[in-house]
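File shown here: start17.cif, holding mmCIF, C-alpha atoms and all ligand atoms.
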```
data_coords
#
loop_
_atom_site.label_atom_id
_atom_site.label_comp_id
_atom_site.auth_asym_id
_atom_site.auth_seq_id
_atom_site.Cartn_x
_atom_site.Cartn_y
_atom_site.Cartn_z
CA MET A 1 -4.89 -77.43 34.65
CA GLN A 2 -3.75 -73.83 34.09
CA ARG A 3 -0.68 -72.73 35.98
CA GLN A 4 -1.47 -69.68 38.09
CA VAL A 5 1.23 -67.14 38.87
CA VAL A 6 1.22 -64.09 41.07
CA HIS A 7 2.16 -60.82 39.38
CA ARG A 8 2.74 -57.60 41.26
CA TYR A 9 1.18 -54.32 40.20
CA CYS A 10 1.62 -50.94 41.74
CA ASP A 11 -1.34 -48.90 42.89
CA VAL A 12 -1.51 -45.10 42.71
CA ASN A 13 0.60 -44.71 45.82
CA GLY A 14 3.38 -46.88 44.41
CA ARG A 15 2.46 -49.72 46.76
CA GLN A 16 2.63 -53.19 45.30
CA ASN A 17 -0.58 -55.19 45.14
CA ALA A 18 -0.46 -58.93 44.70
CA VAL A 19 -2.90 -60.06 42.07
CA THR A 20 -3.33 -63.37 40.41
CA VAL A 21 -3.69 -63.65 36.67
CA ILE A 22 -3.37 -66.59 34.41
CA ARG A 23 -0.22 -66.62 32.30
CA ARG A 24 -1.62 -67.05 28.82
CA LYS A 25 -1.80 -64.80 25.77
CA GLN A 26 -5.59 -64.60 25.89
CA ILE A 27 -7.68 -64.83 29.02
CA LYS A 28 -11.42 -65.23 29.47
CA LEU A 29 -13.32 -62.11 30.50
CA GLY A 30 -14.92 -64.03 33.37
CA GLU A 31 -11.48 -64.55 34.92
CA LEU A 32 -10.86 -60.82 34.84
CA PHE A 33 -14.26 -60.19 36.46
CA THR A 34 -13.27 -62.53 39.28
CA GLU A 35 -9.85 -60.88 39.63
CA VAL A 36 -11.23 -57.30 39.87
CA GLY A 37 -14.49 -58.20 41.57
CA ASP A 38 -16.58 -55.55 39.78
CA ARG A 39 -17.99 -56.39 36.35
CA ASP A 40 -19.29 -52.91 35.53
CA LEU A 41 -15.95 -51.34 36.37
CA VAL A 42 -14.07 -53.88 34.22
CA ARG A 43 -16.40 -53.21 31.28
CA GLU A 44 -16.10 -49.44 31.62
CA ILE A 45 -12.30 -49.60 31.83
CA LEU A 46 -12.15 -51.96 28.83
CA SER A 47 -14.15 -49.54 26.72
CA TYR A 48 -11.53 -46.82 27.41
CA VAL A 49 -8.45 -49.02 27.21
CA CYS A 50 -9.54 -50.71 23.96
CA ASP A 51 -11.28 -47.59 22.60
CA ILE A 52 -14.53 -49.42 21.91
CA SER A 53 -18.15 -48.82 22.93
CA LEU A 54 -19.73 -50.53 25.93
CA GLY A 55 -21.88 -52.44 23.46
CA GLN A 56 -18.75 -53.83 21.82
CA VAL A 57 -17.31 -54.73 25.24
CA PHE A 58 -20.32 -56.99 25.81
CA LEU A 59 -19.32 -58.97 22.72
CA LEU A 60 -15.82 -59.66 24.06
CA GLN A 61 -15.19 -63.11 25.43
CA GLU A 62 -11.42 -63.28 25.61
CA ILE A 63 -8.90 -60.49 25.96
CA ASP A 64 -5.19 -60.07 25.54
CA ASN A 65 -3.25 -60.66 28.77
CA LYS A 66 -1.51 -57.26 28.37
CA VAL A 67 -4.88 -55.53 28.28
CA ALA A 68 -5.99 -57.51 31.33
CA LYS A 69 -2.96 -56.23 33.27
CA GLN A 70 -3.79 -52.66 32.24
CA VAL A 71 -7.39 -53.10 33.39
CA ILE A 72 -6.23 -54.43 36.76
CA CYS A 73 -3.86 -51.47 37.22
CA VAL A 74 -6.60 -48.95 36.43
CA ALA A 75 -9.11 -50.80 38.64
CA ASN A 76 -6.64 -50.60 41.55
CA GLU A 77 -6.32 -46.85 41.08
CA VAL A 78 -10.09 -46.41 40.97
CA LYS A 79 -10.46 -48.50 44.13
CA ASN A 80 -7.97 -46.13 45.76
CA GLY A 81 -10.28 -43.20 44.99
CA VAL A 82 -8.80 -41.92 41.72
CA PRO A 83 -11.56 -40.81 39.29
CA LEU A 84 -11.75 -43.25 36.37
CA ALA A 85 -11.15 -40.46 33.87
CA TYR A 86 -7.80 -39.62 35.50
CA ALA A 87 -6.81 -43.29 35.70
CA VAL A 88 -7.40 -43.80 31.96
CA GLY A 89 -6.45 -40.22 31.01
CA LYS A 90 -9.56 -39.57 28.93
CA THR A 91 -13.31 -39.12 28.99
CA TRP A 92 -16.27 -38.32 26.75
CA PHE A 93 -18.26 -35.09 26.87
CA PHE A 94 -21.06 -33.97 24.55
CA GLY A 95 -20.20 -36.92 22.27
CA LEU A 96 -16.57 -35.82 21.92
CA PRO A 97 -13.32 -37.28 23.31
CA PHE A 98 -11.32 -35.26 25.86
CA VAL A 99 -7.97 -35.93 27.49
CA VAL A 100 -7.86 -35.11 31.19
CA ASN A 101 -5.35 -35.12 34.01
CA GLU A 102 -5.15 -33.97 37.61
CA HIS A 103 -4.84 -30.32 36.54
CA VAL A 104 -8.41 -30.13 35.21
CA LEU A 105 -11.88 -30.89 36.49
CA VAL A 106 -13.35 -34.01 34.87
CA PRO A 107 -16.16 -32.71 32.57
CA ARG A 108 -19.57 -33.55 34.07
CA ASN A 109 -22.75 -34.60 32.25
CA ASP A 110 -24.53 -31.75 34.07
CA THR A 111 -22.53 -29.26 32.01
CA GLU A 112 -24.14 -30.53 28.80
CA THR A 113 -27.26 -28.53 29.80
CA LEU A 114 -25.14 -25.37 29.66
CA ILE A 115 -23.89 -26.23 26.15
CA GLU A 116 -27.41 -26.98 24.89
CA THR A 117 -28.67 -23.65 26.26
CA VAL A 118 -25.83 -21.70 24.63
CA LEU A 119 -26.20 -23.49 21.27
CA SER A 120 -29.92 -22.87 21.18
CA TRP A 121 -29.45 -19.13 21.92
CA CYS A 122 -26.75 -18.90 19.24
CA ARG A 123 -28.92 -20.56 16.61
CA GLY A 124 -31.42 -17.78 17.37
CA ILE A 125 -28.96 -14.91 16.92
CA TRP A 126 -27.24 -16.45 13.87
CA GLU A 127 -30.10 -15.44 11.51
CA ASP A 128 -29.40 -11.83 12.35
CA LYS A 129 -25.61 -12.21 12.44
CA LYS A 130 -24.90 -14.27 9.36
CA ASN A 131 -24.74 -11.38 6.91
CA LYS A 132 -22.63 -9.29 9.27
CA GLY A 133 -19.85 -11.50 10.57
CA SER A 134 -19.35 -14.20 13.16
CA ILE A 135 -20.55 -15.05 16.65
CA ARG A 136 -17.98 -14.16 19.31
CA ILE A 137 -17.92 -16.35 22.40
CA LEU A 138 -15.87 -16.25 25.58
CA ASP A 139 -15.60 -19.37 27.78
CA MET A 140 -14.52 -18.17 31.22
CA CYS A 141 -12.80 -20.76 33.50
CA THR A 142 -12.31 -23.25 30.67
CA GLY A 143 -10.41 -26.05 32.51
CA SER A 144 -10.18 -29.00 30.08
CA GLY A 145 -11.68 -26.74 27.40
CA CYS A 146 -14.77 -28.95 27.22
CA ILE A 147 -17.25 -26.06 26.82
CA ALA A 148 -15.22 -24.04 24.31
CA VAL A 149 -14.34 -27.11 22.25
CA ALA A 150 -17.87 -28.59 22.23
CA VAL A 151 -19.45 -25.25 21.28
CA LYS A 152 -16.90 -24.57 18.53
CA LYS A 153 -17.23 -28.11 17.13
CA ASN A 154 -21.00 -27.73 16.92
CA PHE A 155 -20.73 -24.30 15.30
CA ASP A 156 -18.35 -25.68 12.68
CA GLU A 157 -20.73 -28.55 11.95
CA MET A 158 -23.67 -26.13 11.65
CA ASN A 159 -21.63 -23.78 9.40
CA ILE A 160 -21.95 -21.01 11.97
CA ARG A 161 -18.92 -18.71 11.74
CA SER A 162 -17.48 -18.08 15.17
CA ARG A 163 -14.53 -16.84 17.18
CA VAL A 164 -14.15 -18.74 20.44
CA VAL A 165 -11.84 -17.47 23.18
CA ALA A 166 -11.25 -19.49 26.36
CA ILE A 167 -9.68 -18.36 29.63
CA ASP A 168 -8.23 -20.07 32.66
CA ILE A 169 -5.92 -18.93 35.44
CA SER A 170 -4.03 -22.23 35.34
CA GLU A 171 -1.38 -22.70 32.63
CA LYS A 172 -1.45 -26.45 33.30
CA ALA A 173 -5.18 -26.57 32.65
CA LEU A 174 -4.66 -24.56 29.46
CA ASP A 175 -2.10 -27.11 28.24
CA VAL A 176 -4.79 -29.78 28.52
CA ALA A 177 -7.40 -27.54 26.87
CA ARG A 178 -5.07 -26.88 23.91
CA LYS A 179 -4.61 -30.64 23.45
CA ASN A 180 -8.39 -31.07 23.41
CA ALA A 181 -8.86 -28.38 20.77
CA LYS A 182 -6.27 -30.17 18.63
CA LEU A 183 -7.79 -33.59 19.28
CA ASN A 184 -11.19 -32.35 18.16
CA GLU A 185 -9.77 -30.27 15.29
CA VAL A 186 -11.21 -26.91 16.33
CA ASP A 187 -9.74 -23.46 16.43
CA VAL A 188 -10.03 -21.92 19.93
CA GLU A 189 -7.88 -19.08 21.31
CA PHE A 190 -6.64 -19.78 24.83
CA ILE A 191 -5.64 -17.05 27.26
CA GLN A 192 -4.14 -17.27 30.74
CA SER A 193 -5.92 -14.73 32.92
CA ASP A 194 -7.41 -14.15 36.35
CA LEU A 195 -10.99 -13.84 35.08
CA PHE A 196 -11.20 -10.75 32.82
CA LYS A 197 -7.88 -9.20 33.85
CA ASN A 198 -5.95 -9.86 30.58
CA VAL A 199 -8.87 -9.88 28.17
CA LEU A 200 -8.62 -6.31 26.94
CA SER A 201 -4.84 -6.39 26.41
CA ILE A 202 -4.94 -9.69 24.48
CA VAL A 203 -8.29 -9.72 22.67
CA GLY A 204 -8.66 -5.98 22.18
CA GLY A 205 -11.84 -3.94 22.51
CA ASP A 206 -14.14 -6.22 20.46
CA LYS A 207 -17.00 -7.35 22.67
CA PHE A 208 -18.60 -10.80 22.92
CA ASP A 209 -22.06 -11.96 21.85
CA VAL A 210 -21.96 -14.67 24.49
CA ILE A 211 -20.00 -15.24 27.69
CA VAL A 212 -20.34 -18.72 29.13
CA SER A 213 -18.85 -20.05 32.35
CA ASN A 214 -18.82 -23.05 34.62
CA PRO A 215 -16.82 -21.44 37.44
CA PRO A 216 -15.75 -23.00 40.75
CA TYR A 217 -18.96 -22.98 42.80
CA VAL A 218 -18.67 -25.43 45.70
CA ARG A 219 -18.85 -23.86 49.18
CA THR A 220 -15.38 -24.22 50.73
CA GLY A 221 -16.74 -26.21 53.67
CA ASP A 222 -18.63 -28.63 51.39
CA ILE A 223 -15.67 -29.71 49.23
CA GLY A 224 -15.30 -33.50 49.38
CA VAL A 225 -18.09 -33.93 51.94
CA ALA A 226 -20.59 -35.77 49.71
CA ASP A 227 -18.00 -37.36 47.40
CA LYS A 228 -14.37 -37.92 48.43
CA THR A 229 -13.12 -38.54 44.85
CA VAL A 230 -13.49 -34.81 44.10
CA LEU A 231 -10.58 -34.25 46.49
CA LYS A 232 -8.36 -35.66 43.72
CA GLU A 233 -9.50 -32.78 41.47
CA PRO A 234 -7.83 -29.33 41.55
CA TRP A 235 -8.97 -27.28 44.53
CA ILE A 236 -9.05 -24.10 42.42
CA ALA A 237 -11.53 -25.78 40.08
CA LEU A 238 -13.97 -26.35 42.96
CA ASP A 239 -13.65 -23.66 45.59
CA GLY A 240 -16.35 -21.02 45.17
CA GLY A 241 -15.60 -19.33 48.50
CA GLU A 242 -17.48 -19.49 51.78
CA ASP A 243 -20.96 -19.25 50.23
CA GLY A 244 -20.01 -20.71 46.81
CA LEU A 245 -20.97 -17.48 45.04
CA GLU A 246 -17.63 -15.64 44.90
CA PHE A 247 -17.01 -16.24 41.18
CA TYR A 248 -20.59 -15.42 40.20
CA ARG A 249 -20.30 -12.02 41.91
CA ARG A 250 -17.15 -11.21 39.93
CA ILE A 251 -18.20 -12.69 36.58
CA ILE A 252 -21.75 -11.27 36.54
CA SER A 253 -20.62 -7.76 37.51
CA GLU A 254 -17.55 -7.65 35.22
CA ALA A 255 -19.11 -9.35 32.15
CA VAL A 256 -21.19 -6.23 31.38
CA ASP A 257 -17.99 -4.52 30.17
CA TYR A 258 -17.26 -7.32 27.69
CA LEU A 259 -20.72 -8.09 26.25
CA VAL A 260 -22.27 -6.43 23.20
CA ASP A 261 -25.60 -4.72 23.71
CA GLY A 262 -28.10 -7.64 23.79
CA GLY A 263 -25.34 -10.20 24.47
CA GLY A 264 -26.00 -13.21 26.71
CA LEU A 265 -24.27 -14.38 29.88
CA PHE A 266 -24.70 -18.10 30.71
CA VAL A 267 -23.43 -19.72 33.91
CA GLU A 268 -23.70 -23.19 35.35
CA VAL A 269 -24.89 -23.27 38.98
CA GLY A 270 -25.14 -25.78 41.81
CA PHE A 271 -28.61 -27.32 42.33
CA ASP A 272 -29.36 -24.90 45.23
CA GLN A 273 -27.83 -21.72 43.76
CA GLY A 274 -30.31 -20.81 41.00
CA PHE A 275 -32.26 -18.27 43.05
CA ASP A 276 -29.20 -16.47 44.47
CA VAL A 277 -27.40 -16.34 41.14
CA ALA A 278 -30.51 -15.09 39.33
CA GLY A 279 -30.63 -12.35 42.01
CA LEU A 280 -27.10 -11.29 41.04
CA PHE A 281 -28.18 -11.02 37.38
CA VAL A 282 -31.06 -8.75 38.50
CA LYS A 283 -28.73 -6.64 40.66
CA HIS A 284 -26.43 -5.98 37.71
CA GLY A 285 -29.19 -4.96 35.31
CA TYR A 286 -29.53 -8.04 33.06
CA SER A 287 -32.95 -8.74 31.52
CA ASN A 288 -34.79 -11.89 30.28
CA ILE A 289 -33.26 -13.83 33.18
CA SER A 290 -34.01 -17.57 33.21
CA VAL A 291 -33.08 -20.57 35.30
CA ARG A 292 -32.88 -23.84 33.34
CA LYS A 293 -33.08 -27.28 34.91
CA ASP A 294 -30.94 -30.30 34.10
CA MET A 295 -32.10 -33.83 33.20
CA GLU A 296 -32.71 -34.54 36.88
CA ASN A 297 -34.92 -31.50 37.24
CA ARG A 298 -32.43 -29.53 39.35
CA ASP A 299 -31.51 -25.88 38.71
CA ARG A 300 -28.40 -26.00 36.53
CA VAL A 301 -28.06 -22.94 34.28
CA VAL A 302 -28.82 -19.26 34.83
CA TYR A 303 -28.71 -16.85 31.93
CA GLY A 304 -29.67 -13.33 31.06
CA LYS A 305 -29.33 -10.62 28.46
CA PHE A 306 -27.21 -7.54 28.86
CA ALA A 307 -28.78 -4.30 27.72
CA ALA A 308 -26.41 -1.34 27.56
CA LYS A 309 -27.74 1.75 29.34
CA PRO A 310 -28.58 4.58 26.92
CA LYS A 311 -25.81 7.18 26.92
CA GLU A 312 -26.62 10.35 28.85
CA GLY A 313 -28.17 12.95 26.60
CA SER A 314 -29.48 10.42 24.05
CA ILE A 315 -33.23 10.09 23.63
C1 LIG A 401 -15.38 -25.80 37.71
S1 LIG A 401 -13.88 -25.82 36.75
C2 LIG A 401 -14.66 -25.78 35.15
C3 LIG A 401 -13.85 -26.39 34.07
C4 LIG A 401 -14.62 -26.57 32.76
N1 LIG A 401 -15.14 -25.32 32.27
C5 LIG A 401 -15.73 -27.58 32.92
O1 LIG A 401 -16.90 -27.19 32.78
O2 LIG A 401 -15.48 -28.75 33.16
C6 LIG A 401 -13.37 -24.16 37.01
C7 LIG A 401 -12.09 -23.70 36.31
O3 LIG A 401 -11.86 -22.34 36.73
C8 LIG A 401 -10.47 -22.10 36.79
N2 LIG A 401 -10.25 -20.91 37.63
C9 LIG A 401 -10.21 -20.83 38.99
N3 LIG A 401 -9.98 -19.56 39.37
C10 LIG A 401 -9.89 -18.82 38.24
C11 LIG A 401 -9.67 -17.43 37.97
N4 LIG A 401 -9.51 -16.55 38.98
N5 LIG A 401 -9.64 -17.01 36.70
C12 LIG A 401 -9.80 -17.90 35.67
N6 LIG A 401 -10.00 -19.21 35.86
C13 LIG A 401 -10.06 -19.67 37.12
C14 LIG A 401 -9.90 -23.39 37.34
O4 LIG A 401 -8.53 -23.51 37.02
C15 LIG A 401 -10.80 -24.44 36.67
O5 LIG A 401 -10.19 -24.91 35.49
#
```

If you took the structure in this file and wrote it as structure tokens, what would it be?
Amino acid sequence: MQRQVVHRYCDVNGRQNAVTVIRRKQIKLGELFTEVGDRDLVREILSYVCDISLGQVFLLQEIDNKVAKQVICVANEVKNGVPLAYAVGKTWFFGLPFVVNEHVLVPRNDTETLIETVLSWCRGIWEDKKNKGSIRILDMCTGSGCIAVAVKKNFDEMNIRSRVVAIDISEKALDVARKNAKLNEVDVEFIQSDLFKNVLSIVGGDKFDVIVSNPPYVRTGDIGVADKTVLKEPWIALDGGEDGLEFYRRIISEAVDYLVDGGGLFVEVGFDQGFDVAGLFVKHGYSNISVRKDMENRDRVVYGKFAAKPKEGSI
């Protein structure tokens, strides 16, 4: 009979949890399932900890005891409400790896709709641009850098020349974003700024073909109501003000000074914000305004084209 011993592991709050594992070099996956009590969670954690796909996890039968201890530690954190991505320190977005920590929002699948919309627009303008230069993109409120990095990576793979600039107010978020650009081997310029405040002084007067943003858009009173784990994420990454629209008002009105004539502004929105945000695009003179739905058929992206007003006196 196997000798069972009790090991102690700390949870996120430093408390010690008693857990039982079998003291052997290799243990059977079934024993770990019993220990954690959630097969899907164990499998998901294993795929991160061992850096293998979920498919490969299904082929595992025995695992190293050290790995088992790591899985138990992470599972305890998740059970205490820590998002899995924070507990393992990484996640996947748009098929690319990203490091994350408590200073950045965990990239959401919903945001992939925003990337697809931007890439498809850019493929359209590249025909016209390719003999003249590169596509200039600004990612406002970059957080982990997931949008800037994914767009730049795709441009590089499609041989589309581009300059990608990414902004966040949080230096700690920018540290994470820089790591992600390095990890994915892309060249992105990062700037600390309260929205557009430092853009002119750092980037100069050159305007952008595209401005993209997934800003904070949760109504203050709704934060953490439907899902308590978001309370572990940075408040400034979530809080969109009383009606959730504060950042859209600023970005949509100020972006017109930074877009080329015919440039596109693309923003992610909450499922019930499409109409109001499209109204802000109308108010500020954008044209070709569209609302795009996500995979679950909810409003997710609003975009529009900026047309510079003809100068007075010109015909
Ligand atoms: C919703 S998160 C989006 C992060 C990332 N773009 C994504 O899609 O996962 C919003 C980001 O906006 C940043 N932010 C908040 N207020 C800002 C401001 N005034 N200027 C620039 N960035 C700001 C936060 O630090 C946070 O990283």

Would you mind listing, for every residue of chain A within 8 Å of ligand LIG 401 (chain A), the two atoms forming the shortest contact and the distance between them in Å to one decimal, using only C-alpha atoms and all ligand atoms, sorted by chain and ascending residue number, as a Markdown table?
```
| residue | atom | partner | partner_atom | distance |
| --- | --- | --- | --- | --- |
| A:His103 | CA | A:LIG401 | O5 | 7.7 |
| A:Val104 | CA | A:LIG401 | O5 | 5.5 |
| A:Leu105 | CA | A:LIG401 | O2 | 5.4 |
| A:Val106 | CA | A:LIG401 | O2 | 5.9 |
| A:Pro107 | CA | A:LIG401 | O2 | 4.1 |
| A:Arg108 | CA | A:LIG401 | O2 | 6.4 |
| A:Thr111 | CA | A:LIG401 | O1 | 6.0 |
| A:Asp139 | CA | A:LIG401 | N1 | 7.5 |
| A:Met140 | CA | A:LIG401 | C12 | 6.5 |
| A:Cys141 | CA | A:LIG401 | O3 | 3.7 |
| A:Thr142 | CA | A:LIG401 | N1 | 3.9 |
| A:Gly143 | CA | A:LIG401 | O5 | 3.2 |
| A:Ser144 | CA | A:LIG401 | C4 | 5.7 |
| A:Gly145 | CA | A:LIG401 | C4 | 6.1 |
| A:Cys146 | CA | A:LIG401 | C5 | 5.9 |
| A:Ile147 | CA | A:LIG401 | N1 | 5.9 |
| A:Ile167 | CA | A:LIG401 | C12 | 6.1 |
| A:Asp168 | CA | A:LIG401 | N6 | 3.8 |
| A:Ile169 | CA | A:LIG401 | C12 | 4.0 |
| A:Ser170 | CA | A:LIG401 | O4 | 5.0 |
| A:Ala173 | CA | A:LIG401 | O5 | 6.0 |
| A:Gln192 | CA | A:LIG401 | C12 | 7.5 |
| A:Ser193 | CA | A:LIG401 | C12 | 5.7 |
| A:Asp194 | CA | A:LIG401 | N5 | 3.6 |
| A:Leu195 | CA | A:LIG401 | N5 | 3.8 |
| A:Phe196 | CA | A:LIG401 | N5 | 7.5 |
| A:Ser213 | CA | A:LIG401 | N1 | 6.4 |
| A:Asn214 | CA | A:LIG401 | O1 | 4.9 |
| A:Pro215 | CA | A:LIG401 | C6 | 4.4 |
| A:Pro216 | CA | A:LIG401 | C1 | 4.1 |
| A:Tyr217 | CA | A:LIG401 | C1 | 6.8 |
| A:Pro234 | CA | A:LIG401 | O4 | 7.4 |
| A:Ile236 | CA | A:LIG401 | C9 | 4.9 |
| A:Ala237 | CA | A:LIG401 | C15 | 3.7 |
| A:Leu238 | CA | A:LIG401 | C1 | 5.5 |
| A:Asp239 | CA | A:LIG401 | C9 | 8.0 |
| A:Phe247 | CA | A:LIG401 | N4 | 7.8 |
```

**Report entry** For CA of Glu171 in chain A and CA of Gly204 in chain A, the interatomic separation in Å (one decimal)
**Finding:**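 It comes out at 21.0 Å.
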
Query raised in the report: Smallest atom-to-atom distance to Asp209 in chain A: which of A:Ile115, A:Ala307, A:Val149, A:Ala278, using only C-alpha atoms?
Result: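 Smallest distance to Asp209 in chain A is found for A:Ala307.
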
Query raised in the report: Looking at A:Ile45, A:Ala68, A:Val186, A:Val57, which one is nearest to Leu96 in chain A, with distances taken over all atoms listed in the file?
Result: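 Looking only at the distances to Leu96 in chain A, the closest residue turns out to be A:Val186.
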
Query raised in the report: Between A:Lys25, A:His284, A:Lys293, A:Lys69, which one has atoms that come closest to Lys305 in chain A, using all atoms listed in the file?
Result: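 Closest to Lys305 in chain A, using all atoms listed in the file: A:His284.
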
Query - Which residue of A:Glu185, A:Asp206, A:Asp64, A:Asp175 approaches Ile135 in chain A most closely, using all atoms listed in the file - result: A:Asp206
